>>> print(open('upload-v9.txt').read())   # compact mmCIF, C-alpha atoms
# COMPACT_ATOMS: atom_id res chain seq x y z
CA MET A 132 20.60 139.96 -24.27
CA LYS A 133 20.09 141.98 -27.46
CA THR A 134 17.03 143.77 -26.00
CA VAL A 135 19.01 144.70 -22.88
CA ILE A 136 21.97 146.00 -24.85
CA GLU A 137 19.81 148.10 -27.19
CA PHE A 138 17.91 149.69 -24.29
CA LEU A 139 21.09 150.53 -22.36
CA ASP A 140 22.66 151.97 -25.49
CA ASP A 141 19.69 154.31 -26.01
CA LEU A 142 19.53 155.20 -22.32
CA ALA A 143 23.16 156.32 -22.36
CA ARG A 144 22.30 158.79 -25.14
CA ASN A 145 19.13 159.99 -23.38
CA ASN A 146 19.93 159.85 -19.68
CA ASP A 147 17.13 162.00 -18.31
CA ARG A 148 13.86 161.35 -16.52
CA ASP A 149 11.55 162.54 -19.32
CA TRP A 150 13.05 160.11 -21.83
CA PHE A 151 13.08 157.29 -19.29
CA GLU A 152 9.41 157.74 -18.40
CA ALA A 153 8.47 157.91 -22.07
CA HIS A 154 10.28 154.61 -22.63
CA ARG A 155 9.51 152.93 -19.32
CA ASP A 156 7.92 149.98 -21.11
CA ARG A 157 11.26 149.29 -22.81
CA TYR A 158 13.01 149.46 -19.44
CA VAL A 159 10.52 147.05 -17.88
CA GLU A 160 11.06 144.57 -20.71
CA ALA A 161 14.88 144.92 -20.59
CA LYS A 162 14.85 144.46 -16.81
CA ARG A 163 12.58 141.42 -17.10
CA ARG A 164 14.92 139.81 -19.60
CA PHE A 165 18.03 140.63 -17.60
CA ASP A 166 16.43 139.32 -14.40
CA GLU A 167 15.60 136.06 -16.15
CA PHE A 168 19.19 135.85 -17.35
CA ALA A 169 20.50 136.69 -13.85
CA GLU A 170 18.42 133.92 -12.24
CA ARG A 171 19.85 131.38 -14.68
CA TYR A 172 23.31 132.83 -14.14
CA LEU A 173 23.08 132.42 -10.36
CA ALA A 174 21.88 128.84 -10.69
CA ALA A 175 24.65 128.03 -13.17
CA VAL A 176 27.42 129.56 -11.03
CA ALA A 177 26.17 127.55 -8.05
CA THR A 178 26.81 124.33 -9.98
CA PHE A 179 30.57 124.91 -9.78
CA ASP A 180 30.61 126.94 -6.54
CA PRO A 181 27.87 125.81 -4.11
CA SER A 182 28.79 128.60 -1.67
CA VAL A 183 26.65 130.98 -3.77
CA ALA A 184 23.59 128.73 -3.88
CA GLY A 185 20.22 130.13 -2.85
CA LEU A 186 20.79 133.80 -3.70
CA ALA A 187 17.74 135.87 -4.60
CA LEU A 188 17.87 138.49 -7.35
CA LYS A 189 17.96 141.29 -4.78
CA ASP A 190 21.13 139.73 -3.34
CA ALA A 191 22.96 139.86 -6.65
CA THR A 192 21.58 142.60 -8.93
CA TYR A 193 21.47 146.40 -8.75
CA ARG A 194 18.92 149.18 -9.07
CA ILE A 195 19.15 151.29 -12.22
CA TYR A 196 18.77 154.53 -10.26
CA ARG A 197 22.03 156.33 -9.47
CA ASP A 198 22.82 157.91 -6.10
CA THR A 199 23.80 161.39 -7.25
CA ARG A 200 24.03 163.07 -3.85
CA PHE A 201 27.82 163.18 -3.75
CA SER A 202 28.55 163.05 -7.48
CA ALA A 203 29.25 165.83 -9.96
CA ASP A 204 27.51 163.66 -12.55
CA LYS A 205 23.79 164.13 -11.97
CA SER A 206 22.67 161.63 -14.62
CA PRO A 207 19.77 159.85 -12.91
CA TYR A 208 20.27 156.34 -14.32
CA LYS A 209 23.02 153.76 -14.55
CA THR A 210 23.81 152.78 -18.11
CA TYR A 211 24.79 149.22 -17.27
CA MET A 212 23.37 146.08 -15.74
CA GLY A 213 25.30 143.59 -13.69
CA VAL A 214 24.93 140.50 -11.55
CA PHE A 215 27.27 139.47 -8.73
CA ALA A 216 27.19 135.94 -7.33
CA CYS A 217 29.04 135.68 -4.04
CA PRO A 218 28.52 133.90 -0.69
CA ARG A 219 25.70 135.57 1.29
CA GLY A 220 25.09 138.21 -1.37
CA LYS A 221 26.48 141.47 -2.70
CA LYS A 222 26.53 143.26 0.68
CA SER A 223 28.49 140.51 2.43
CA GLY A 224 31.94 141.80 1.53
CA ASN A 225 32.85 138.42 0.06
CA ALA A 226 34.52 137.76 -3.28
CA GLY A 227 32.52 136.25 -6.10
CA TYR A 228 31.68 136.25 -9.78
CA TYR A 229 30.52 139.43 -11.49
CA LEU A 230 29.09 139.95 -14.98
CA HIS A 231 28.81 143.49 -16.36
CA ILE A 232 27.06 144.78 -19.49
CA GLU A 233 27.68 148.44 -20.45
CA PRO A 234 27.36 149.01 -24.21
CA ALA A 235 27.88 152.81 -24.12
CA THR A 236 31.49 152.36 -23.03
CA ASN A 237 31.88 149.01 -24.82
CA THR A 238 32.51 147.40 -21.43
CA TYR A 239 31.50 143.76 -21.34
CA LEU A 240 33.19 142.14 -18.38
CA LEU A 241 33.51 138.93 -16.42
CA CYS A 242 35.25 139.43 -13.09
CA SER A 243 36.31 137.21 -10.22
CA GLY A 244 37.03 139.04 -6.99
CA LEU A 245 35.75 141.91 -4.86
CA TYR A 246 35.79 145.65 -5.56
CA PRO A 247 36.62 147.90 -3.86
CA GLN A 248 38.89 145.96 -1.52
CA PRO A 249 39.47 147.41 1.97
CA ALA A 250 43.05 148.00 3.11
CA GLY A 251 42.80 145.04 5.48
CA VAL A 252 41.92 142.70 2.62
CA LEU A 253 44.83 143.96 0.51
CA ARG A 254 47.12 143.34 3.46
CA SER A 255 45.75 139.84 3.95
CA VAL A 256 46.17 138.93 0.26
CA ARG A 257 49.75 140.19 0.29
CA GLU A 258 50.49 138.11 3.36
CA GLU A 259 48.98 135.10 1.59
CA ILE A 260 51.39 135.67 -1.31
CA MET A 261 54.32 136.04 1.10
CA THR A 262 53.35 132.79 2.78
CA ASP A 263 52.57 130.69 -0.29
CA GLY A 264 53.13 132.63 -3.48
CA GLU A 265 53.38 129.46 -5.54
CA ALA A 266 49.84 128.37 -4.65
CA PHE A 267 48.52 131.89 -5.25
CA GLU A 268 50.07 132.09 -8.69
CA SER A 269 48.83 128.59 -9.50
CA ALA A 270 45.25 129.70 -8.76
CA VAL A 271 45.73 132.77 -10.97
CA LYS A 272 47.11 130.69 -13.84
CA ALA A 273 44.21 128.23 -13.52
CA ALA A 274 41.93 131.16 -14.43
CA ALA A 275 43.08 131.04 -18.05
CA GLY A 276 41.93 134.06 -20.06
CA PHE A 277 41.59 136.31 -17.00
CA ASP A 278 44.11 138.88 -15.80
CA PHE A 279 44.60 141.71 -13.32
CA ASP A 280 44.47 145.39 -14.25
CA TRP A 281 48.20 146.01 -14.38
CA GLN A 282 47.74 149.53 -15.77
CA THR A 283 46.61 150.76 -12.35
CA ALA A 284 49.39 148.99 -10.42
CA TYR A 285 51.64 150.90 -8.05
CA LYS A 286 54.97 152.09 -9.45
CA ARG A 287 56.72 151.62 -6.12
CA MET A 288 56.72 148.57 -3.90
CA PRO A 289 54.29 148.96 -0.95
CA ARG A 290 55.84 149.26 2.48
CA GLY A 291 56.59 145.92 4.08
CA CYS A 292 56.77 144.04 0.76
CA ASP A 293 60.06 142.57 -0.41
CA PRO A 294 60.90 143.57 -4.01
CA GLU A 295 63.21 140.55 -4.21
CA ASP A 296 60.36 138.14 -3.53
CA GLU A 297 59.76 135.75 -6.43
CA TYR A 298 56.12 136.85 -6.58
CA SER A 299 56.69 140.54 -5.81
CA LYS A 300 54.86 141.72 -8.94
CA TYR A 301 51.56 140.87 -7.24
CA TYR A 302 52.34 143.25 -4.34
CA LEU A 303 52.07 146.14 -6.80
CA LEU A 304 48.41 145.50 -7.54
CA ARG A 305 45.91 148.05 -6.24
CA ASP A 306 43.14 145.46 -6.33
CA PHE A 307 42.96 141.72 -6.84
CA CYS A 308 40.11 141.38 -9.31
CA LEU A 309 40.71 138.97 -12.17
CA ASN A 310 39.05 140.33 -15.31
CA LYS A 311 38.11 139.05 -18.73
CA TYR A 312 36.69 141.45 -21.31
CA PHE A 313 34.55 140.40 -24.25
CA ASP A 314 32.52 142.17 -26.95
CA ARG A 315 28.92 142.81 -27.93
CA GLU A 316 28.88 139.90 -30.34
CA TYR A 317 29.94 137.53 -27.54
CA ALA A 318 27.24 138.94 -25.23
CA SER A 319 24.57 138.63 -27.93
CA ALA A 320 25.30 135.01 -28.79
CA PRO A 321 22.63 132.39 -27.92
CA ASP A 322 25.15 130.43 -25.83
CA PHE A 323 26.44 133.50 -23.96
CA LEU A 324 25.38 132.24 -20.52
CA ASP A 325 26.97 128.82 -20.97
CA ARG A 326 30.21 130.31 -22.26
CA ALA A 327 30.39 132.96 -19.52
CA VAL A 328 29.84 130.44 -16.73
CA GLU A 329 32.38 128.06 -18.21
CA GLU A 330 34.92 130.89 -18.24
CA LEU A 331 34.15 131.87 -14.65
CA SER A 332 34.37 128.29 -13.41
CA ARG A 333 38.13 128.44 -14.03
CA THR A 334 38.40 131.17 -11.39
CA ARG A 335 36.92 129.08 -8.57
CA ARG A 336 40.31 128.32 -6.96
CA TYR A 337 41.23 131.98 -7.08
CA THR A 338 37.92 133.13 -5.58
CA ASP A 339 38.28 130.58 -2.77
CA THR A 340 41.77 131.93 -2.06
CA LEU A 341 40.51 135.50 -1.94
CA ASN A 342 37.63 134.61 0.38
CA ARG A 343 40.06 132.90 2.77
CA CYS A 344 42.05 136.13 2.81
CA ILE A 345 38.90 138.16 3.43
CA GLU A 346 37.90 135.90 6.32
CA TYR A 347 41.38 136.14 7.84
CA ALA A 348 41.28 139.94 7.65
CA ARG A 349 37.96 139.89 9.53
CA GLU A 350 39.34 137.59 12.19
CA MET A 351 42.31 139.90 12.66
CA GLY A 352 40.08 142.97 12.82
CA TRP A 353 41.84 144.67 9.91
>>> encode(input="upload-v9.txt", output="structure tokens")
Amino acid sequence: MKTVIEFLDDLARNNDRDWFEAHRDRYVEAKRRFDEFAERYLAAVATFDPSVAGLALKDATYRIYRDTRFSADKSPYKTYMGVFACPRGKKSGNAGYYLHIEPATNTYLLCSGLYPQPAGVLRSVREEIMTDGEAFESAVKAAAGFDFDWQTAYKRMPRGCDPEDEYSKYYLLRDFCLNKYFDREYASAPDFLDRAVEELSRTRRYTDTLNRCIEYAREMGW
């Protein structure tokens, strides 16, 4: 992962086409190494969650080229690499297991969930909590070391949610991604893949819960 991190670091400081073309060989090598890592990652995640088995790289990884058509930031390249293992691939709208490497912002992330989450999915998850908040919280606690982004939570209780509910704090969440941040040293370690997958395996119950909520929202046409 060191080669990937070093290339992305330099790209963030030189995010233009001339520099990229002059260093395309470095990009090709970084992409090759990340793709090899991603293939092993997908296979390893499938050992604890068979619903993601059989994904190809194109189903789980992302192009480095940014879509700048509707963005004020015209930088042509993404300065991160990521891999998302979820049932039927990244375009399915299902929850899964995401790994993100972005050295320029010191963002090294493991995530269990789906982002962004449509309004219908948020509604479905909240109804799940209303129905069986104890089981929901149990799945969250089983994902030891992961947590939600409470800094972006709503200040006021959403309409239709009871502030007196025992699990009402979860209604305030804007999204239901469970996150675990780590550092460059962790990402550069020889056993990074094994450690990352072991961490993510603890979120399996939570991801299953979220996918049930997603499926229910589809059935209801939300």
>>> closest_residue(input="upload-v9.txt", among="A:Glu233, A:Glu350, A:Glu295, A:Asp306", to="Leu142 (chain A)", atoms="all atoms listed in the file")
A:Glu233
>>> residues_around(input="upload-v9.txt", residues="Asp198 (chain A)", least_positions_apart="4", cutoff="9 Å", atoms="only C-alpha atoms", output="mmCIF file with C-alpha atoms, in the frame of the given file")
data_model
loop_
_atom_site.group_PDB
_atom_site.id
_atom_site.type_symbol
_atom_site.label_atom_id
_atom_site.label_comp_id
_atom_site.auth_asym_id
_atom_site.auth_seq_id
_atom_site.Cartn_x
_atom_site.Cartn_y
_atom_site.Cartn_z
ATOM 1 C CA SER A 202 28.550 163.050 -7.480
ATOM 2 C CA LYS A 205 23.790 164.130 -11.970
ATOM 3 C CA PRO A 207 19.770 159.850 -12.910
ATOM 4 C CA TYR A 208 20.270 156.340 -14.320
#
>>> closest_atom_pairs(input="upload-v9.txt", of="region 282-350 of chain A", to="region 224-230 of chain A", cutoff="8 Å", atoms="only C-alpha atoms", output="Markdown table")
| residue | atom | partner | partner_atom | distance |
| --- | --- | --- | --- | --- |
| A:Leu331 | CA | A:Tyr228 | CA | 7.0 |
| A:Thr338 | CA | A:Ala226 | CA | 6.2 |
| A:Leu341 | CA | A:Ala226 | CA | 6.5 |
| A:Asn342 | CA | A:Ala226 | CA | 5.7 |
| A:Ile345 | CA | A:Asn225 | CA | 6.9 |
>>> closest_residue(input="upload-v9.txt", among="A:Pro247, A:Ala161, A:Glu170, A:Arg257", to="Val214 (chain A)", atoms="only C-alpha atoms")
A:Glu170
>>> closest_residue(input="upload-v9.txt", among="A:Ala235, A:Ala275, A:Ala169, A:Leu253", to="Asp314 (chain A)", atoms="all atoms listed in the file")
A:Ala235
>>> closest_residue(input="upload-v9.txt", among="A:Ser332, A:Ser299, A:Ser206, A:Asn310", to="His231 (chain A)", atoms="only C-alpha atoms")
A:Asn310
>>> atom_distance(input="upload-v9.txt", atom1="CA of Gly251 (chain A)", atom2="CA of Val183 (chain A)")
23.3 Å
>>> residues_near_point(input="upload-v9.txt", point="(16.9, 147.1, -12.9)", cutoff="6 Å", atoms="all atoms listed in the file", output="PyMOL selection string")
chain A and resi 162+194-195
>>> closest_residue(input="upload-v9.txt", among="A:Arg148, A:Ser269, A:Phe168, A:Gly352", to="Phe323 (chain A)", atoms="all atoms listed in the file")
A:Phe168
>>> atom_distance(input="upload-v9.txt", atom1="CA of Ala274 (chain A)", atom2="CA of Ala327 (chain A)")
12.7 Å
>>> atom_distance(input="upload-v9.txt", atom1="CA of Lys311 (chain A)", atom2="CA of Asp280 (chain A)")
10.0 Å
>>> closest_residue(input="upload-v9.txt", among="A:Arg290, A:Arg164, A:Lys221, A:Lys209", to="Asp141 (chain A)", atoms="only C-alpha atoms")
A:Lys209
>>> residues_around(input="upload-v9.txt", residues="Thr236 (chain A)", least_positions_apart="2", cutoff="12 Å", atoms="only C-alpha atoms", output="PyMOL selection string")
chain A and resi 136+139-140+143-144+210-211+231-234+238-240+314-315
>>> residues_around(input="upload-v9.txt", residues="Tyr301 (chain A)", least_positions_apart="5", cutoff="10 Å", atoms="all atoms listed in the file", output="compact mmCIF listing (two decimals) with C-alpha atoms, in the coordinates of the input")
# COMPACT_ATOMS: atom_id res chain seq x y z
CA VAL A 256 46.17 138.93 0.26
CA ARG A 257 49.75 140.19 0.29
CA ILE A 260 51.39 135.67 -1.31
CA GLY A 264 53.13 132.63 -3.48
CA PHE A 267 48.52 131.89 -5.25
CA GLU A 268 50.07 132.09 -8.69
CA PHE A 279 44.60 141.71 -13.32
CA TRP A 281 48.20 146.01 -14.38
CA ALA A 284 49.39 148.99 -10.42
CA MET A 288 56.72 148.57 -3.90
CA ASP A 296 60.36 138.14 -3.53
CA ASP A 306 43.14 145.46 -6.33
CA PHE A 307 42.96 141.72 -6.84
